[in-house]
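structure26.csv (CSV, C-alpha atoms)
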chain,number,residue,atom,x,y,z
A,1,MET,CA,23.9,-51.4,-6.5
A,2,PRO,CA,24.9,-50.8,-2.9
A,3,ILE,CA,24.1,-53.6,-0.4
A,4,ARG,CA,22.0,-52.8,2.7
A,5,ARG,CA,21.9,-55.3,5.6
A,6,PHE,CA,18.7,-55.9,7.6
A,7,GLY,CA,19.5,-58.3,10.4
A,8,GLY,CA,21.4,-61.2,8.9
A,9,HIS,CA,20.0,-60.7,5.4
A,10,ARG,CA,21.2,-58.6,2.5
A,11,SER,CA,19.0,-56.4,0.3
A,12,LEU,CA,19.8,-54.5,-2.9
A,13,VAL,CA,19.0,-50.7,-2.9
A,14,SER,CA,18.6,-48.8,-6.2
A,15,HIS,CA,20.9,-45.8,-6.8
A,16,SER,CA,17.8,-43.9,-7.9
A,17,GLN,CA,16.6,-43.7,-4.3
A,18,ILE,CA,19.6,-41.9,-3.0
A,19,PRO,CA,19.2,-38.6,-4.9
A,20,LYS,CA,15.7,-38.3,-3.6
A,21,LEU,CA,17.0,-38.2,0.0
A,22,SER,CA,19.6,-35.6,-0.9
A,23,TYR,CA,17.1,-33.5,-2.8
A,24,GLY,CA,14.8,-33.4,0.2
A,25,TYR,CA,17.7,-32.3,2.4
A,26,ALA,CA,18.6,-29.5,0.0
A,27,LYS,CA,15.1,-28.4,-0.2
A,28,MET,CA,14.9,-28.1,3.6
A,29,ASN,CA,18.1,-26.0,3.6
A,30,MET,CA,16.6,-23.7,0.9
A,31,SER,CA,13.6,-23.0,3.1
A,32,ARG,CA,15.9,-22.3,6.1
A,33,SER,CA,17.8,-19.6,4.1
A,34,GLY,CA,14.6,-17.5,3.5
A,35,TYR,CA,13.5,-14.4,5.4
A,36,ARG,CA,10.9,-13.5,7.9
A,37,VAL,CA,9.4,-10.1,8.8
A,38,PHE,CA,8.5,-9.4,12.5
A,39,SER,CA,6.8,-6.5,14.2
A,40,ALA,CA,8.5,-5.6,17.5
A,41,ASN,CA,5.7,-3.4,18.8
A,42,SER,CA,3.1,-4.4,21.4
A,43,SER,CA,0.7,-1.6,20.2
A,44,THR,CA,-1.9,-2.6,17.6
A,45,ALA,CA,-1.8,1.0,16.1
A,46,CYS,CA,1.9,0.6,15.5
A,47,THR,CA,1.6,-2.7,13.6
A,48,GLU,CA,-0.3,-1.1,10.7
A,49,LEU,CA,2.8,-0.2,8.8
A,50,ALA,CA,4.2,-3.7,9.3
A,51,LYS,CA,1.0,-5.2,7.9
A,52,LYS,CA,1.2,-3.0,4.8
A,53,ILE,CA,4.8,-3.9,4.2
A,54,THR,CA,4.2,-7.7,4.4
A,55,GLU,CA,1.2,-7.4,2.1
A,56,ARG,CA,3.3,-5.8,-0.5
A,57,LEU,CA,6.0,-8.5,-0.1
A,58,GLY,CA,3.4,-11.3,-0.2
A,59,VAL,CA,4.6,-12.8,3.1
A,60,GLU,CA,3.0,-13.3,6.4
A,61,LEU,CA,4.0,-11.4,9.5
A,62,GLY,CA,6.2,-13.5,11.8
A,63,LYS,CA,4.6,-15.1,14.8
A,64,SER,CA,5.7,-13.5,18.0
A,65,ALA,CA,4.4,-12.0,21.3
A,66,VAL,CA,5.6,-8.7,22.5
A,67,TYR,CA,4.0,-7.4,25.8
A,68,GLN,CA,4.7,-5.7,29.1
A,69,GLU,CA,4.8,-7.5,32.4
A,70,SER,CA,2.8,-6.2,35.4
A,71,ASN,CA,6.0,-4.6,36.6
A,72,SER,CA,6.5,-2.9,33.1
A,73,GLU,CA,9.3,-5.2,32.0
A,74,THR,CA,9.3,-6.0,28.3
A,75,ARG,CA,8.9,-9.6,27.3
A,76,VAL,CA,9.3,-11.0,23.8
A,77,GLU,CA,8.5,-14.6,22.6
A,78,VAL,CA,9.4,-15.7,19.1
A,79,LYS,CA,7.0,-18.5,18.2
A,80,GLU,CA,8.7,-20.0,15.1
A,81,SER,CA,12.1,-21.1,14.0
A,82,VAL,CA,14.4,-18.4,12.6
A,83,ARG,CA,17.6,-20.4,12.4
A,84,GLY,CA,19.7,-19.4,9.4
A,85,GLN,CA,17.2,-16.9,8.1
A,86,ASP,CA,17.4,-13.1,7.3
A,87,ILE,CA,15.1,-11.5,9.9
A,88,PHE,CA,13.6,-8.0,9.4
A,89,ILE,CA,12.2,-6.3,12.5
A,90,ILE,CA,9.8,-3.5,11.8
A,91,GLN,CA,9.6,-1.0,14.6
A,92,THR,CA,7.5,2.1,14.4
A,93,ILE,CA,8.0,4.6,17.3
A,94,PRO,CA,4.9,5.7,19.2
A,95,ARG,CA,4.7,8.3,21.9
A,96,ASP,CA,6.2,5.9,24.4
A,97,VAL,CA,9.7,6.0,22.8
A,98,ASN,CA,11.6,4.3,25.6
A,99,THR,CA,9.3,1.3,25.6
A,100,ALA,CA,9.5,0.9,21.8
A,101,VAL,CA,13.4,1.1,22.0
A,102,MET,CA,13.4,-1.6,24.7
A,103,GLU,CA,11.0,-3.8,22.6
A,104,LEU,CA,13.4,-3.6,19.7
A,105,LEU,CA,16.5,-4.4,21.7
A,106,VAL,CA,14.9,-7.4,23.4
A,107,MET,CA,13.5,-8.8,20.2
A,108,ALA,CA,16.8,-8.4,18.4
A,109,TYR,CA,18.6,-10.2,21.2
A,110,ALA,CA,16.0,-13.0,21.2
A,111,LEU,CA,16.5,-13.5,17.5
A,112,LYS,CA,20.3,-13.4,17.9
A,113,THR,CA,20.2,-16.2,20.5
A,114,SER,CA,17.8,-18.1,18.2
A,115,CYS,CA,20.6,-18.3,15.6
A,116,ALA,CA,19.1,-15.9,13.0
A,117,LYS,CA,21.6,-15.4,10.1
A,118,ASN,CA,21.1,-11.6,9.8
A,119,ILE,CA,19.0,-9.3,11.8
A,120,ILE,CA,17.9,-6.1,10.0
A,121,GLY,CA,16.1,-3.4,11.8
A,122,VAL,CA,13.5,-1.4,9.8
A,123,ILE,CA,13.1,1.8,11.8
A,124,PRO,CA,11.4,4.4,9.6
A,125,TYR,CA,11.7,7.1,12.3
A,126,PHE,CA,15.0,6.7,14.3
A,127,PRO,CA,14.4,7.9,17.9
A,128,TYR,CA,16.7,10.2,19.7
A,129,SER,CA,18.0,11.5,16.3
A,130,LYS,CA,17.7,15.1,17.5
A,131,GLN,CA,20.2,14.3,20.3
A,132,CYS,CA,23.1,13.8,17.9
A,133,LYS,CA,25.2,16.8,19.0
A,134,MET,CA,27.0,17.7,22.2
A,135,ARG,CA,25.1,20.4,24.2
A,136,LYS,CA,26.6,21.9,27.3
A,137,ARG,CA,27.3,19.0,29.6
A,138,GLY,CA,24.9,16.6,28.1
A,139,SER,CA,25.6,13.5,26.0
A,140,ILE,CA,25.1,12.3,22.4
A,141,VAL,CA,22.3,9.8,23.1
A,142,CYS,CA,22.0,8.9,19.4
A,143,LYS,CA,25.5,7.4,19.5
A,144,LEU,CA,24.6,5.4,22.7
A,145,LEU,CA,21.5,4.0,21.0
A,146,ALA,CA,23.5,3.0,18.0
A,147,SER,CA,25.9,1.1,20.2
A,148,MET,CA,23.0,-0.6,22.1
A,149,LEU,CA,21.5,-1.8,18.8
A,150,ALA,CA,24.8,-3.3,17.6
A,151,LYS,CA,25.3,-5.1,21.0
A,152,ALA,CA,21.7,-6.5,20.8
A,153,GLY,CA,22.5,-8.2,17.6
A,154,LEU,CA,21.4,-6.0,14.7
A,155,THR,CA,23.5,-6.3,11.6
A,156,HIS,CA,21.8,-3.7,9.3
A,157,ILE,CA,19.3,-0.8,9.6
A,158,ILE,CA,16.8,0.6,7.2
A,159,THR,CA,15.6,4.0,8.2
A,160,MET,CA,14.1,7.2,6.5
A,161,ASP,CA,15.2,10.8,6.5
A,162,LEU,CA,17.6,10.9,9.5
A,163,HIS,CA,17.6,14.2,11.3
A,164,GLN,CA,21.3,14.5,10.4
A,165,LYS,CA,22.9,12.3,7.8
A,166,GLU,CA,26.1,12.2,9.8
A,167,ILE,CA,24.3,9.9,12.3
A,168,GLN,CA,25.1,7.0,10.0
A,169,GLY,CA,28.7,7.3,11.2
A,170,PHE,CA,27.6,6.3,14.7
A,171,PHE,CA,26.9,2.7,13.6
A,172,THR,CA,29.4,-0.1,13.1
A,173,PHE,CA,27.1,-1.8,10.5
A,174,PRO,CA,25.5,-0.7,7.2
A,175,VAL,CA,22.7,1.9,7.4
A,176,ASP,CA,20.3,2.6,4.4
A,177,ASN,CA,18.8,6.1,4.9
A,178,LEU,CA,15.9,6.2,2.5
A,179,ARG,CA,14.1,9.4,1.4
A,180,ALA,CA,10.5,10.3,1.5
A,181,SER,CA,10.8,13.3,-0.8
A,182,PRO,CA,9.6,11.5,-4.0
A,183,PHE,CA,6.3,10.6,-2.3
A,184,LEU,CA,5.8,14.1,-0.9
A,185,ILE,CA,6.7,15.7,-4.2
A,186,GLN,CA,4.2,13.4,-5.9
A,187,TYR,CA,1.6,14.6,-3.4
A,188,ILE,CA,2.3,18.2,-4.2
A,189,GLN,CA,2.0,17.6,-7.9
A,190,GLU,CA,-1.3,15.6,-7.7
A,191,GLU,CA,-3.1,17.0,-4.7
A,192,ILE,CA,-2.3,20.7,-4.5
A,193,PRO,CA,-4.2,22.7,-7.2
A,194,ASP,CA,-2.2,25.2,-9.1
A,195,TYR,CA,1.1,24.1,-7.4
A,196,ARG,CA,3.0,25.9,-10.2
A,197,ASN,CA,2.1,29.1,-8.3
A,198,ALA,CA,3.8,27.8,-5.2
A,199,VAL,CA,7.1,28.7,-3.5
A,200,ILE,CA,9.1,26.3,-1.3
A,201,VAL,CA,9.8,27.8,2.1
A,202,ALA,CA,12.6,26.9,4.5
A,203,LYS,CA,11.5,27.6,8.1
A,204,SER,CA,15.1,28.3,9.1
A,205,PRO,CA,18.4,28.7,7.4
A,206,SER,CA,19.4,25.2,8.5
A,207,ALA,CA,16.5,23.8,6.4
A,208,ALA,CA,17.5,25.8,3.3
A,209,LYS,CA,19.3,22.9,1.6
A,210,ARG,CA,16.3,20.5,1.9
A,211,ALA,CA,14.0,23.3,0.6
A,212,GLN,CA,16.3,24.0,-2.3
A,213,SER,CA,16.3,20.3,-3.3
A,214,TYR,CA,12.4,20.4,-3.4
A,215,ALA,CA,12.4,23.6,-5.3
A,216,GLU,CA,14.8,22.4,-8.0
A,217,ARG,CA,12.9,19.2,-8.6
A,218,LEU,CA,9.5,21.0,-8.7
A,219,ARG,CA,10.9,23.9,-10.8
A,220,LEU,CA,9.6,26.4,-8.1
A,221,GLY,CA,10.9,29.4,-6.3
A,222,LEU,CA,12.6,29.4,-2.9
A,223,ALA,CA,12.1,31.5,0.2
A,224,VAL,CA,14.0,31.3,3.5
A,225,MET,CA,12.8,32.5,6.9
A,226,HIS,CA,15.2,33.8,9.5
A,227,GLY,CA,14.7,35.5,12.9
A,228,GLU,CA,13.3,35.2,16.4
A,229,ALA,CA,10.5,32.8,15.6
A,230,ASN,CA,13.0,30.0,15.0
A,231,HIS,CA,14.3,28.3,18.2
A,232,SER,CA,16.0,25.2,16.6
A,233,GLU,CA,18.3,22.9,18.6
A,234,SER,CA,21.2,23.9,16.4
A,235,ASP,CA,21.4,27.2,18.3
A,236,MET,CA,22.4,25.4,21.4
A,237,ALA,CA,24.8,23.0,19.8
A,238,ASP,CA,27.9,25.2,20.2
A,239,GLY,CA,29.8,23.3,22.8
A,240,ARG,CA,29.5,23.0,26.6
A,241,HIS,CA,29.8,26.7,27.4
A,242,SER,CA,32.9,26.0,29.5
A,243,PRO,CA,34.6,27.9,31.0
A,244,PRO,CA,31.8,30.3,32.0
A,245,LEU,CA,31.9,33.9,30.7
A,246,SER,CA,32.3,35.4,34.2
A,247,ARG,CA,34.8,33.8,36.5
A,248,THR,CA,34.0,33.7,40.2
A,249,THR,CA,37.2,31.8,41.2
A,250,ALA,CA,40.8,33.0,41.0
A,251,GLY,CA,42.4,31.9,37.7
A,252,HIS,CA,45.6,32.6,35.9
A,253,THR,CA,46.1,36.3,36.1
A,254,GLY,CA,48.3,36.5,33.0
A,255,LEU,CA,45.6,34.8,30.7
A,256,GLU,CA,43.1,37.1,29.2
A,257,LEU,CA,40.6,35.6,26.8
A,258,PRO,CA,38.4,37.7,24.4
A,259,LEU,CA,34.9,38.3,25.7
A,260,MET,CA,32.4,36.3,23.8
A,261,MET,CA,29.4,38.2,22.4
A,262,ALA,CA,26.0,36.7,23.1
A,263,LYS,CA,23.9,35.6,20.2
A,264,GLU,CA,21.0,37.9,19.4
A,265,LYS,CA,18.6,37.1,16.5
A,266,PRO,CA,17.2,39.9,14.4
A,267,PRO,CA,13.4,40.3,13.9
A,268,ILE,CA,12.0,37.6,11.7
A,269,THR,CA,12.4,38.2,8.0
A,270,VAL,CA,11.4,36.3,4.8
A,271,VAL,CA,14.0,36.2,2.1
A,272,GLY,CA,12.1,35.7,-1.1
A,273,ASP,CA,8.7,36.7,-2.5
A,274,VAL,CA,5.6,34.8,-1.2
A,275,GLY,CA,3.0,37.4,-2.1
A,276,GLY,CA,0.0,36.0,-3.9
A,277,ARG,CA,1.5,32.5,-3.8
A,278,ILE,CA,1.1,29.1,-2.2
A,279,ALA,CA,3.7,28.6,0.5
A,280,ILE,CA,4.9,25.1,1.1
A,281,ILE,CA,7.1,24.6,4.2
A,282,VAL,CA,9.3,21.5,4.1
A,283,ASP,CA,11.0,19.8,7.0
A,284,ASP,CA,12.0,16.4,8.2
A,285,ILE,CA,10.1,16.3,11.6
A,286,ILE,CA,7.1,18.1,12.8
A,287,ASP,CA,6.6,17.7,16.6
A,288,ASP,CA,6.0,20.8,18.6
A,289,VAL,CA,4.2,23.0,16.1
A,290,GLU,CA,4.6,26.4,17.7
A,291,ASP,CA,7.4,27.4,15.3
A,292,PHE,CA,5.3,26.2,12.3
A,293,VAL,CA,2.3,28.2,13.5
A,294,ALA,CA,4.4,31.3,13.9
A,295,ALA,CA,5.9,30.8,10.5
A,296,ALA,CA,2.5,30.4,8.9
A,297,GLU,CA,1.3,33.7,10.5
A,298,ILE,CA,4.3,35.6,9.1
A,299,LEU,CA,3.8,34.1,5.6
A,300,LYS,CA,0.1,35.1,5.7
A,301,GLU,CA,1.2,38.7,6.6
A,302,ARG,CA,3.6,38.6,3.6
A,303,GLY,CA,0.7,37.7,1.3
A,304,ALA,CA,0.7,33.9,0.9
A,305,TYR,CA,-2.9,32.8,0.4
A,306,LYS,CA,-2.4,29.1,1.2
A,307,ILE,CA,0.1,27.4,3.5
A,308,TYR,CA,1.1,23.7,3.4
A,309,ILE,CA,3.5,21.9,5.6
A,310,MET,CA,5.3,18.8,4.3
A,311,ALA,CA,7.3,16.7,6.7
A,312,THR,CA,8.5,13.1,6.8
A,313,HIS,CA,7.9,12.3,10.4
A,314,GLY,CA,4.6,13.5,12.0
A,315,LEU,CA,5.2,13.1,15.8
A,316,LEU,CA,2.6,15.8,16.5
A,317,SER,CA,3.0,15.8,20.3
A,318,ALA,CA,1.1,17.5,23.0
A,319,ASP,CA,-1.5,20.0,21.7
A,320,ALA,CA,-0.3,19.9,18.1
A,321,PRO,CA,-3.6,18.9,16.5
A,322,ARG,CA,-5.5,21.7,18.3
A,323,LEU,CA,-2.9,24.3,17.4
A,324,ILE,CA,-2.8,23.3,13.8
A,325,GLU,CA,-6.6,23.4,13.6
A,326,GLU,CA,-6.7,26.9,15.0
A,327,SER,CA,-3.8,28.3,12.9
A,328,ALA,CA,-3.4,29.7,9.5
A,329,ILE,CA,-2.0,26.4,8.2
A,330,ASP,CA,-4.3,24.9,5.5
A,331,GLU,CA,-2.8,21.4,5.5
A,332,VAL,CA,-0.1,19.3,7.1
A,333,VAL,CA,1.1,16.4,5.1
A,334,VAL,CA,3.2,13.7,6.8
A,335,THR,CA,4.1,10.0,6.0
A,336,ASN,CA,3.1,7.0,8.0
A,337,THR,CA,6.6,6.4,9.5
A,338,VAL,CA,5.0,7.3,12.8
A,339,PRO,CA,1.4,6.3,13.8
A,340,HIS,CA,-0.8,9.4,14.1
A,341,GLU,CA,-4.4,8.2,13.6
A,342,VAL,CA,-5.5,9.8,16.9
A,343,GLN,CA,-4.2,13.2,15.8
A,344,LYS,CA,-5.9,12.9,12.5
A,345,LEU,CA,-9.3,12.4,14.2
A,346,GLN,CA,-8.6,15.5,16.2
A,347,CYS,CA,-7.5,17.6,13.2
A,348,PRO,CA,-8.8,17.0,9.7
A,349,LYS,CA,-6.1,19.2,8.3
A,350,ILE,CA,-3.5,16.4,8.8
A,351,LYS,CA,-3.1,14.1,5.7
A,352,THR,CA,-1.0,11.0,5.4
A,353,VAL,CA,1.2,9.7,2.6
A,354,ASP,CA,2.0,5.9,2.5
A,355,VAL,CA,5.7,5.0,2.2
A,356,SER,CA,5.3,1.2,2.7
A,357,MET,CA,6.2,0.6,-0.9
A,358,ILE,CA,9.8,1.8,-0.7
A,359,LEU,CA,10.3,0.1,2.6
A,360,ALA,CA,9.1,-3.2,1.2
A,361,GLU,CA,11.3,-2.8,-1.9
A,362,ALA,CA,14.3,-2.1,0.4
A,363,ILE,CA,13.6,-5.4,2.3
A,364,ARG,CA,13.4,-7.4,-0.9
A,365,ARG,CA,16.6,-5.9,-2.4
A,366,ILE,CA,18.6,-6.4,0.8
A,367,HIS,CA,17.5,-10.1,1.1
A,368,ASN,CA,18.3,-10.8,-2.6
A,369,GLY,CA,21.6,-9.0,-2.5
A,370,GLU,CA,20.5,-6.4,-5.1
A,371,SER,CA,21.7,-2.9,-5.4
A,372,MET,CA,19.9,-0.1,-3.5
A,373,ALA,CA,20.9,2.6,-6.0
A,374,TYR,CA,17.5,2.4,-7.7
A,375,LEU,CA,15.8,3.7,-4.6
A,376,PHE,CA,18.0,6.8,-4.5
A,377,ARG,CA,17.6,7.8,-8.2
A,378,ASN,CA,17.1,11.5,-8.7
A,379,ILE,CA,17.8,12.2,-5.0
A,380,ALA,CA,20.0,15.2,-4.4
A,381,VAL,CA,22.9,15.0,-1.9
A,382,ASP,CA,21.3,17.7,0.3
A,383,ASP,CA,17.9,16.0,0.4
Would it be possible to restate this file's structure as structure tokens?
Amino acid sequence: MPIRRFGGHRSLVSHSQIPKLSYGYAKMNMSRSGYRVFSANSSTACTELAKKITERLGVELGKSAVYQESNSETRVEVKESVRGQDIFIIQTIPRDVNTAVMELLVMAYALKTSCAKNIIGVIPYFPYSKQCKMRKRGSIVCKLLASMLAKAGLTHIITMDLHQKEIQGFFTFPVDNLRASPFLIQYIQEEIPDYRNAVIVAKSPSAAKRAQSYAERLRLGLAVMHGEANHSESDMADGRHSPPLSRTTAGHTGLELPLMMAKEKPPITVVGDVGGRIAIIVDDIIDDVEDFVAAAEILKERGAYKIYIMATHGLLSADAPRLIEESAIDEVVVTNTVPHEVQKLQCPKIKTVDVSMILAEAIRRIHNGESMAYLFRNIAVDD
């Protein structure tokens, strides 16, 4: 037995007492290597998704305070230890996009300085994803945001249906781009009567691959719309229009460039038969709904008797609820990646599909070091 000295006396200590101390230390280390889930949003409406995810995981939402100072500065206070743990920050993006981005950055940096082991951002709708191409003399803001998140301390991101898959290349850390299509397809099969008589519609040629993926999995026909009603951002993503077509300054007289022809779209046409069928328009984002309303009117003229819109992210800005209510659209189905409870009260045609299950499973698998392939089963490359 080892000998312990107390003052000038000697005492015998049993070896059986030593493992108890080391076991308690090991147990403390195990608790430190767990994970916590935080919400980085100061709005109560935006914490609903975080609460659903934590309920599915069987954990409590991390204790923190996120609020705005009187001068509109963002302040974050983490109210529990995160040292050595995997931290998941759930951030849903409300209408005030810039405030939400700042909340995410400040919380990530606070967790980084609090010695968190890994900081994983759960951002179902990634903001500024439409600004992922160079237009005229603008900037690729999505790349800037990716760099800011990395600098703030994020080591991984979980998102859903990025506007362009190539956005993943902007990041210096892993990105898991989950898909909402299995949930939307399930809604079509269970909630749309006689969906076998439906046709999947691409609102523009750029959305044809996504529509084809839906059509193949549902064993339905495909139709593509093309023409003046579509004013997508891809039409402007053709460089910086420099030099201008007409020169006002003296240039090199020996250099003659071919004159560029201006784009001119033909009248809107529908490639595919929608007469006497249910038309289901699929897209990743529904924000300003003018294009969707115009597409619905054309499909009605072509003979479609019901029109559904399926989209992952329901931003539904400005007067979108009123325009949907007054249009030929029968139903708009979106997921809860973006809070839209106010819009639902204004327009009963808006329906919500819950995707918290796949986000919770992604968190569990990443923390346990398990493969994510199961979450992408039966997902087409073009989806």
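One distance worth recording is that between CA of Ile286 (chain A) and CA of Asn336 (chain A), which is 12.7 Å.
Atom pair CA of Val101 (chain A) / CA of Lys136 (chain A): separated by 25.2 Å.
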Taken to one decimal, the CA of Gln186 (chain A)-CA of Ala202 (chain A) distance is 19.0 Å
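With all atoms listed in the file as the basis for measurement, A:Ile185 is the residue among A:Met357, A:Ile185, A:Val78, A:Val224 that approaches Val334 (chain A) most closely.
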Might you pull out every residue within 7 Å of Leu178 (chain A), with all atoms listed in the file counted and same-chain residues fewer than 4 positions away left off, and present them as a CSV table (one decimal) with C-alpha atoms, in the coordinates of the input?
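See part.csv below for the written result:
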chain,number,residue,atom,x,y,z
A,159,THR,CA,15.6,4.0,8.2
A,160,MET,CA,14.1,7.2,6.5
A,161,ASP,CA,15.2,10.8,6.5
Residues near Asn118 (chain A), anyone? I mean within 12 Å using all atoms listed in the file, not counting same-chain ones fewer than 3 positions away, as a ChimeraX atom specification. /A:33-37,82-89,108-109,111-115,121,150,153-157,173,366-367
Quick one: write out the picked residues with C-alpha atoms as a PDB file, in the coordinates of the input?
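Output saved as part09.pdb:
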ATOM      1  CA  SER A  33      17.800 -19.600   4.100  1.00  0.00           C
ATOM      2  CA  GLY A  34      14.600 -17.500   3.500  1.00  0.00           C
ATOM      3  CA  TYR A  35      13.500 -14.400   5.400  1.00  0.00           C
ATOM      4  CA  ARG A  36      10.900 -13.500   7.900  1.00  0.00           C
ATOM      5  CA  VAL A  37       9.400 -10.100   8.800  1.00  0.00           C
ATOM      6  CA  VAL A  82      14.400 -18.400  12.600  1.00  0.00           C
ATOM      7  CA  ARG A  83      17.600 -20.400  12.400  1.00  0.00           C
ATOM      8  CA  GLY A  84      19.700 -19.400   9.400  1.00  0.00           C
ATOM      9  CA  GLN A  85      17.200 -16.900   8.100  1.00  0.00           C
ATOM     10  CA  ASP A  86      17.400 -13.100   7.300  1.00  0.00           C
ATOM     11  CA  ILE A  87      15.100 -11.500   9.900  1.00  0.00           C
ATOM     12  CA  PHE A  88      13.600  -8.000   9.400  1.00  0.00           C
ATOM     13  CA  ILE A  89      12.200  -6.300  12.500  1.00  0.00           C
ATOM     14  CA  ALA A 108      16.800  -8.400  18.400  1.00  0.00           C
ATOM     15  CA  TYR A 109      18.600 -10.200  21.200  1.00  0.00           C
ATOM     16  CA  LEU A 111      16.500 -13.500  17.500  1.00  0.00           C
ATOM     17  CA  LYS A 112      20.300 -13.400  17.900  1.00  0.00           C
ATOM     18  CA  THR A 113      20.200 -16.200  20.500  1.00  0.00           C
ATOM     19  CA  SER A 114      17.800 -18.100  18.200  1.00  0.00           C
ATOM     20  CA  CYS A 115      20.600 -18.300  15.600  1.00  0.00           C
ATOM     21  CA  GLY A 121      16.100  -3.400  11.800  1.00  0.00           C
ATOM     22  CA  ALA A 150      24.800  -3.300  17.600  1.00  0.00           C
ATOM     23  CA  GLY A 153      22.500  -8.200  17.600  1.00  0.00           C
ATOM     24  CA  LEU A 154      21.400  -6.000  14.700  1.00  0.00           C
ATOM     25  CA  THR A 155      23.500  -6.300  11.600  1.00  0.00           C
ATOM     26  CA  HIS A 156      21.800  -3.700   9.300  1.00  0.00           C
ATOM     27  CA  ILE A 157      19.300  -0.800   9.600  1.00  0.00           C
ATOM     28  CA  PHE A 173      27.100  -1.800  10.500  1.00  0.00           C
ATOM     29  CA  ILE A 366      18.600  -6.400   0.800  1.00  0.00           C
ATOM     30  CA  HIS A 367      17.500 -10.100   1.100  1.00  0.00           C
TER      31      HIS A 367
END
Measuring between only C-alpha atoms, which one of A:Ile158, A:Cys347, A:Leu144, A:Val66 shows the shortest distance to Arg364 (chain A)? A:Ile158
